[in-house]
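First up is the structure itself, then whatever we jot down about it.
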Amino acid sequence: MPMYNFELAIKLSQAQKMALARRITDWHATTFRAPRFIVNVRFIDVTQGLLSDSYVGGVQRNINRLFVSLRSGGGRTQEQLEGIADKLEGFWNETVGNDSIAKQLKGVFVMGEIDVAKEAGFHLPMPGHFEQWVKDNTDEFKRMAEEGDPDAQQVVEEIKVRPEFQK
């Protein structure tokens with residue numbers, strides 16, 4: 001949570017995927033003041049198999065799209081949601097380009113549809129409450145990090161450098 005699912009009609013290089021995943025993660029974590037480990041980015045090849053059977057306007061098409069699933073009840077305005085879509089499209093254009101129809105990100109769909117989220121054993125708070133949640137769970141993150149949990153290790157590193165997560 002959140003989940004950024006790209007449906008790809010073109011092949012992206014591993015470097016492009018990493019660049020998009022990092023940009024989205026960095027942007028989401030800092031914009032919504034959340035730890036990085038909660039940001040999920042997935043790339044789905046829709047050129048073959050069942051996912052390739054997509055239609056737009058009644059015509060079969062393979063296009064690049066992004067479906068974003070966020071927490072419901074986040075209180076985001078229409079303007080904020082449109083800003084999210086614009087920012088994500090910008091990341092795509094800067095990373096992949098849009099100089100041909102095949103490269104264009106033809107749709108960005110932001111959906112507030114996640115009512116409850118639990119990751120790494122923690123129930124996640126509603127948007128706007130991550131700073132206190134990290135502070136409240138710092139000791140547990142440190143314990144888990146010492147046991148080798150990579151998500152907890154990442155959060156512990158973030159606590160060191162992000163003032164909003166420090167007690």
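By order of appearance in the structure tokens: chains A, B, ..., then residues from 1 within every chain, and ligands from 1 in the order shown.
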
Fill in: A:Glu131 surroundings by only C-alpha atoms, 10 Å radius, close-in-sequence under 2 positions cut, as a PyMOL selection string
chain A and resi 32-35+125+127-129+133-136+159+162-167

Output file for the selection above: C-alpha atoms, as a PDB file, in the first residue's frame:
```pdb
ATOM      1  CA  PHE A  32       2.887  11.777   2.015  1.00  0.00           C
ATOM      2  CA  ARG A  33       5.494  11.585   4.820  1.00  0.00           C
ATOM      3  CA  ALA A  34       5.430   7.794   4.800  1.00  0.00           C
ATOM      4  CA  PRO A  35       8.175   5.176   5.086  1.00  0.00           C
ATOM      5  CA  PRO A 125      -2.312   4.147   9.597  1.00  0.00           C
ATOM      6  CA  PRO A 127      -2.619   8.962   5.311  1.00  0.00           C
ATOM      7  CA  GLY A 128      -1.370  11.866   7.370  1.00  0.00           C
ATOM      8  CA  HIS A 129      -0.575   9.725  10.416  1.00  0.00           C
ATOM      9  CA  TRP A 133       3.045   5.627  13.598  1.00  0.00           C
ATOM     10  CA  VAL A 134       6.772   5.325  12.831  1.00  0.00           C
ATOM     11  CA  LYS A 135       7.643   6.961  16.158  1.00  0.00           C
ATOM     12  CA  ASP A 136       5.267   4.628  18.027  1.00  0.00           C
ATOM     13  CA  ILE A 159      14.484   7.265  10.978  1.00  0.00           C
ATOM     14  CA  ARG A 162      14.118  11.959   8.244  1.00  0.00           C
ATOM     15  CA  PRO A 163      13.301  14.442  11.013  1.00  0.00           C
ATOM     16  CA  GLU A 164       9.565  13.699  10.864  1.00  0.00           C
ATOM     17  CA  PHE A 165      10.245  10.140  12.075  1.00  0.00           C
ATOM     18  CA  GLN A 166      12.508  11.065  15.003  1.00  0.00           C
ATOM     19  CA  LYS A 167      11.167  11.079  18.560  1.00  0.00           C
TER      20      LYS A 167
END
```

Discussion item. Using DSSP assignments from the backbone, pull out every residue in stretch 27-161 of chain A that falls under strand (DSSP E or B) and give it to me as a VMD selection string.
Written reply: chain A and resid 40 to 45 55 to 56 59 to 60 64 to 71 105 to 114 118 to 119 122 to 123

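Nearest residue to A:Val41, choosing from A:Asp139, A:Glu7, A:Asp86, A:Asp115 and counting only C-alpha atoms: A:Glu7.
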
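Among the candidates A:His123, A:Lys103, A:Arg36, A:Lys160, the residue lying nearest to A:Lys11 is A:Lys103 (atoms considered: only C-alpha atoms).
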
Worksheet item: Near A:Leu105, counting only C-alpha atoms, which residues have an atom at most 9 Å away, once you skip same-chain residues fewer than 5 positions from it, shown as a list in words?
Response: Leu8, Ile63, Asn64, Arg65, Leu66, Glu89, Trp92, Asn93, Gly97 and Asn98 of chain A

Residues of the last selection are to be written out with N, CA, C and O atoms, as a short mmCIF file (atom, residue, chain, number, x, y, z; two decimals), in the first residue's frame.
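And here's again-v7.cif as it stands now:
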```
data_model
loop_
_atom_site.label_atom_id
_atom_site.label_comp_id
_atom_site.auth_asym_id
_atom_site.auth_seq_id
_atom_site.Cartn_x
_atom_site.Cartn_y
_atom_site.Cartn_z
N LEU A 8 2.30 -2.60 -19.25
CA LEU A 8 3.25 -2.21 -20.29
C LEU A 8 2.97 -2.90 -21.62
O LEU A 8 2.94 -4.12 -21.68
N ILE A 63 -1.81 -0.74 -24.81
CA ILE A 63 -1.32 0.58 -24.47
C ILE A 63 -0.67 0.53 -23.09
O ILE A 63 -0.91 -0.39 -22.32
N ASN A 64 0.14 1.51 -22.81
CA ASN A 64 0.77 1.65 -21.50
C ASN A 64 -0.19 2.42 -20.60
O ASN A 64 -0.68 3.49 -20.96
N ARG A 65 -0.45 1.82 -19.42
CA ARG A 65 -1.35 2.45 -18.45
C ARG A 65 -0.77 2.26 -17.05
O ARG A 65 -0.01 1.33 -16.80
N LEU A 66 -1.22 3.13 -16.16
CA LEU A 66 -0.82 3.03 -14.77
C LEU A 66 -2.07 3.08 -13.91
O LEU A 66 -2.88 4.00 -14.02
N GLU A 89 2.65 10.91 -14.58
CA GLU A 89 2.84 10.99 -16.04
C GLU A 89 4.17 11.68 -16.36
O GLU A 89 4.89 11.26 -17.27
N TRP A 92 7.02 9.24 -15.95
CA TRP A 92 7.07 8.36 -17.13
C TRP A 92 7.73 9.07 -18.30
O TRP A 92 8.65 8.54 -18.92
N ASN A 93 7.27 10.27 -18.61
CA ASN A 93 7.79 11.01 -19.77
C ASN A 93 9.27 11.29 -19.64
O ASN A 93 10.02 11.19 -20.62
N GLY A 97 9.95 8.50 -22.01
CA GLY A 97 9.72 9.37 -23.16
C GLY A 97 8.30 9.23 -23.64
O GLY A 97 7.55 8.34 -23.21
N ASN A 98 7.91 10.12 -24.52
CA ASN A 98 6.57 10.06 -25.12
C ASN A 98 6.62 10.51 -26.57
O ASN A 98 5.66 11.07 -27.09
#
```

Discussion item. List the spatial neighbours of A:Met18 as a PyMOL selection string - criterion: any atom at most 12 Å away, only C-alpha atoms, same-chain residues fewer than 3 positions off excluded.
Written reply: chain A and resi 12-15+21-26+41-43+91-92+95-96

Save out the residues we just selected, N, CA and C atoms, as a short mmCIF file (atom, residue, chain, number, x, y, z; two decimals), in the first residue's frame.
```
data_model
loop_
_atom_site.label_atom_id
_atom_site.label_comp_id
_atom_site.auth_asym_id
_atom_site.auth_seq_id
_atom_site.Cartn_x
_atom_site.Cartn_y
_atom_site.Cartn_z
N LEU A 12 10.38 -2.22 -21.21
CA LEU A 12 11.23 -1.25 -20.52
C LEU A 12 12.49 -1.97 -20.07
N SER A 13 13.59 -1.25 -20.08
CA SER A 13 14.83 -1.83 -19.57
C SER A 13 14.75 -1.91 -18.05
N GLN A 14 15.61 -2.72 -17.47
CA GLN A 14 15.67 -2.81 -16.02
C GLN A 14 16.01 -1.45 -15.42
N ALA A 15 16.88 -0.70 -16.10
CA ALA A 15 17.26 0.64 -15.62
C ALA A 15 16.05 1.58 -15.62
N ALA A 21 10.54 3.15 -10.40
CA ALA A 21 10.24 2.68 -9.05
C ALA A 21 10.87 3.59 -8.00
N ARG A 22 12.08 3.99 -8.21
CA ARG A 22 12.75 4.86 -7.23
C ARG A 22 12.13 6.25 -7.20
N ARG A 23 11.83 6.80 -8.38
CA ARG A 23 11.24 8.14 -8.40
C ARG A 23 9.87 8.14 -7.72
N ILE A 24 9.06 7.14 -8.03
CA ILE A 24 7.73 7.06 -7.42
C ILE A 24 7.86 6.86 -5.92
N THR A 25 8.74 5.96 -5.51
CA THR A 25 8.92 5.69 -4.08
C THR A 25 9.41 6.94 -3.35
N ASP A 26 10.43 7.59 -3.88
CA ASP A 26 10.96 8.80 -3.24
C ASP A 26 9.88 9.88 -3.16
N VAL A 41 5.55 -0.93 -6.36
CA VAL A 41 5.52 -0.62 -7.79
C VAL A 41 5.67 -1.94 -8.54
N ARG A 42 4.79 -2.16 -9.49
CA ARG A 42 4.82 -3.42 -10.25
C ARG A 42 4.69 -3.12 -11.74
N PHE A 43 5.42 -3.87 -12.55
CA PHE A 43 5.39 -3.73 -14.01
C PHE A 43 4.83 -5.03 -14.58
N PHE A 91 6.90 11.63 -14.47
CA PHE A 91 7.97 10.66 -14.21
C PHE A 91 8.14 9.72 -15.41
N TRP A 92 7.02 9.24 -15.95
CA TRP A 92 7.07 8.36 -17.13
C TRP A 92 7.73 9.07 -18.30
N THR A 95 11.43 9.49 -17.88
CA THR A 95 12.17 8.23 -17.81
C THR A 95 12.10 7.44 -19.11
N VAL A 96 10.89 7.33 -19.67
CA VAL A 96 10.67 6.50 -20.86
C VAL A 96 10.59 7.35 -22.12
#
```

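Of the residues listed (A:Lys106, A:Arg76, A:Lys142, A:Arg71), A:Arg71 shows the shortest atom-to-atom separation from A:Val39; distances use only C-alpha atoms.
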